[in-house]
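Student: Encoded as structure tokens, here's the structure I'll be asking about.
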Amino acid sequence: MAASSVAASELLHSMNKRLSIVYPKASFVIRRINTSSPRCGSQPQLRAKRAPQQLVGVVGLEVHAQINSNTKLFSGSGVRFSAPPNSLVSPFDASLPGTLPVLNKRCVEAAVMTGLALDCTINRKSLFDRKHYFYADLPAGYQITQQRRPIAVDGMLTYSLLGGKKRSQVIRKTVSIKQIQLEQDSGKSLHDDLRSQTLIDLNRAGVGLMELVMEPDMSCGEEAAAAVRELQLILQALGTCQGNMSEGQLRVDANVSVHRPGEPLGVRTEVKNINSVRYLARAIDYEIKRQIGVLQRGGAVQNETRAYDSKSGETIPMRDKEGLQDYRFMPEPNLPPLIVYEDNASLPSGIDACQAVVVQKIREGLPELPSVKRDRLVQTYGILPEHSFTLVNEDGLVEYFEAVLKATKMQPRKVIGWVTNELVGHLKQQDMSVNQSPISPSALAELLELQETGHISSSVAKQVFQEMWRSSGRTAPEIIQEQDLGLVSDTAQLHSICQKVVDSHPDEVHAIRNGNEKVLNKLMGLVQKETKGRADPVLVRAILREKTS
């Protein structure tokens with residue numbers, strides 16, 4: 001190898017010498033090329049061709065929340081779900097000539113309170129506009145809304161997800177709130193396919209809505225669902241919206257697009273009127289997957305409105321948005337600017353404070369919000385974050401949990417297991433709410449106190465719980481006495497049972513004597529089986545240790 005290298009060097013030197021004679025003015029050299037394999041790091045490596053980034057989803061939301069008010073936004077008509085058709089319609093709701101809007105103060109206060117809870121800037125002066133479109137359930141031919149200057153802007157919603165391998169890690173995220181605006185709801189069209197006709201119910205026409213516009217800060221269905229669920233809890237805590245999605249009190253439109261990070265946003269589609277948090281997540285994830293498939297096949301995503309079919313799990317096209325109609329927004333001539341005041345000191349003279357909307361007064365009345373409540377539960381009682389989610393997400397469960405704690409000496413971490421596993425499990429099986437539970441907090445506390453003081457075992461406690469659930473009104477002591485479920489504390493009887501178990505399991509006894517302490521649990525289980533779970537576990541363990549030592 002060395003000889004060939006020397007020969008190659010002499011050949012190159014000879015060729016360079018001859019070329020310099022033939023081309024005396026030329027300046028070039030034939031260089032030796034190294035054909036041996038380079039050592040790692042000796043020469044810069046060619047960069048691998050960078051793979052294009054994957055397409056990711058981009059999600060923004062528009063949430064229409066029905067304001068919890070006895071009357072409509074601009075009329076005195078009542079608001080009630082499932083009332084007889086057209087039984088809650090005033091002349092203004094029906095758009096009869098000469099009728100004028102009268103703004104509902106309660107709706108304004110609800111919008112201000114919601115804005116404050118979401119860290120929005122409250123516009124001291126907001127304006128109403130007409131949005132024109134023609135549809136049978138909109139008698140006036142326009143909707144009164146707040147296009148130019150809404151009542152609240154620039155807010156933030158913080159929501160949490162459970163992540164990690166065991167979904168026990170709390171991941172906090174935020175989504176920007178672009179604006180909150182007051183507007184009217186439309187009526188309801190009832191399509192009768194059998195008679196080929198459409199019937200109109202105007203009970204809902206004019207009901208007050210808050211439209212909350214969320215920026216496209218989310219990337220998947222799970223994030224959007226978590227954000228909407230958190231918003232739902234906040235509205236319910238405030239009392240500004242009952243948030244019952246099955247009754248249309250909270251309706252969500254999802255704006256979905258896909259793009260590669262760092263590139264402009266893609267063409268979006270709008271999935272309309274989703275009335276379930278679970279369906280919202282499924283609709284968004286399906287739409288993201290559908291759009292990615294379209295682009296990967298070389299197609300183009302259409303700017304269109306789609307609906308979610310819960311049966312097929314797919315979104316289906318409704319109409320395209322290429323030829324958007326002109327809504328011809330214009331100022332509402334029958335309503336002056338809406339003015340709210342910071343505090344009583346800013347009220348002009350002559351204005352009754354009871355008739356004005358005062359921001360400071362509303363701010364002072366804000367209740368404990370869900371995120372604050374979760375943090376308080378974790379810090380006060382030492383429970384796990386995922387348990388705080390369960391407590392707060394179920395209406396009335398926090399109050400139930402705290403009522404049980406006040407009536408028992410059992411540790412909170414033990415009580416939370418009973419509440420989230422036994423109680424919530426039974427409630428979900430029978431589709432019941434917390435306030436429908438046949439077992440009151442005091443009754444559960446009495447049962448847990450019997451377990452804590454050693455009168456019954458944990459397995460018997462669960463057995464008694466089942467009986468209490470089936471036969472509402474019966475107390476734990478009554479059931480324990482009737483069925484003789486108290487702990488067996490007769491030492492002589494337990495010695496006899498333990499001796500019987502030890503004698504019939506010589507292999508296990510031998511393993512324990514050789515240092516395998518875990519086998520002792522098996523023997524304890526056999527003793528509990530003999531006593532139907534009524535043996536005192538502390539006493540049984542002591543006796544078995546004595547007999548296997």
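FYI, nothing fancy with the structure tokens labels: chains A, B, ... in order, residues from 1 per chain, ligands from 1 as they appear.
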For the contact check between segment 400-441 of chain A and segment 382-392 of chain A, emit one row per residue of segment 400-441 of chain A within 12 Å, containing the shortest atom pair and the distance in Å rounded to one decimal, counting only C-alpha atoms, chain then rising number order, as a Markdown table.

Tutor:
```
| residue | atom | partner | partner_atom | distance |
| --- | --- | --- | --- | --- |
| A:Tyr400 | CA | A:Leu391 | CA | 9.1 |
| A:Phe401 | CA | A:Leu391 | CA | 7.9 |
| A:Glu402 | CA | A:Leu391 | CA | 10.2 |
| A:Gln411 | CA | A:Gly382 | CA | 9.6 |
| A:Pro412 | CA | A:Ile383 | CA | 7.1 |
| A:Arg413 | CA | A:Ile383 | CA | 5.7 |
| A:Lys414 | CA | A:Ile383 | CA | 9.3 |
| A:Val415 | CA | A:Ile383 | CA | 9.8 |
| A:Ile416 | CA | A:His387 | CA | 7.4 |
| A:Gly417 | CA | A:His387 | CA | 8.7 |
| A:Trp418 | CA | A:His387 | CA | 11.3 |
| A:Val419 | CA | A:Leu391 | CA | 8.7 |
| A:Thr420 | CA | A:Thr390 | CA | 7.0 |
| A:Asn421 | CA | A:Thr390 | CA | 10.1 |
| A:Leu423 | CA | A:Leu391 | CA | 11.4 |
| A:Val424 | CA | A:Thr390 | CA | 9.0 |
| A:Gly425 | CA | A:Thr390 | CA | 11.4 |
| A:Val434 | CA | A:Leu391 | CA | 10.7 |
```

Student: Quick one: residues within 10 Å of Thr305 of chain A, only C-alpha atoms counted, chain neighbours fewer than 5 positions away excluded, as a PyMOL selection string?

Tutor: chain A and resi 253-255+268-272+315-321

Student: Need the shell around segment 56-71 of chain A: protein/DNA/RNA residues with any atom at most 6 Å away, counting only C-alpha atoms. Skip same-chain ones fewer than 6 positions apart. Format as an MDAnalysis selection string?

Tutor: chainID A and resid 77:79 208:216 218:219 240:241 249:259 288

Student: Quick one: DSSP helix (DSSP H, G or I) residues in segment 65-122 of chain A, as JSON, numbers by chain?

Tutor: {"A": [105, 106, 107, 108, 109, 110, 111, 112, 113, 114, 115, 116, 117]}

Student: Ranking A:Asn203, A:Ser440, A:Gln451, A:Asn303 by minimum distance to Arg80 of chain A and counting only C-alpha atoms, which one comes first?

Tutor: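 The shortest atom-to-atom distance to Arg80 of chain A comes from A:Asn203.
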
Student: Excluding Ala461 of chain A and any residue of its chain fewer than 4 positions from it, enumerate the residues within 8 Å of it, using only C-alpha atoms, and give them as a PyMOL selection string.

Tutor: chain A and resi 447-448+451+456-457+465

Student: For the residues selected in the previous step, produce a file with N, CA, C and O atoms as a tab-separated table (two decimals), in the first residue's frame.

Tutor:
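Result file follows (selection.tsv):
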```tsv
chain	number	residue	atom	x	y	z
A	447	LEU	N	-70.77	6.22	57.80
A	447	LEU	CA	-70.20	4.94	57.36
A	447	LEU	C	-68.68	4.96	57.45
A	447	LEU	O	-68.06	4.02	57.96
A	448	LEU	N	-68.06	6.03	56.98
A	448	LEU	CA	-66.60	6.12	56.98
A	448	LEU	C	-66.05	6.20	58.40
A	448	LEU	O	-64.96	5.69	58.68
A	451	GLN	N	-65.76	2.75	59.76
A	451	GLN	CA	-64.55	2.08	59.24
A	451	GLN	C	-63.30	2.62	59.92
A	451	GLN	O	-62.41	1.85	60.31
A	456	ILE	N	-65.87	-1.76	61.41
A	456	ILE	CA	-66.05	-2.59	60.22
A	456	ILE	C	-64.79	-2.51	59.37
A	456	ILE	O	-64.00	-1.54	59.47
A	457	SER	N	-64.60	-3.52	58.51
A	457	SER	CA	-63.45	-3.51	57.61
A	457	SER	C	-63.79	-2.71	56.35
A	457	SER	O	-64.94	-2.35	56.10
A	465	PHE	N	-72.16	0.26	51.77
A	465	PHE	CA	-72.43	1.36	50.84
A	465	PHE	C	-73.41	0.91	49.75
A	465	PHE	O	-74.36	1.62	49.42
```
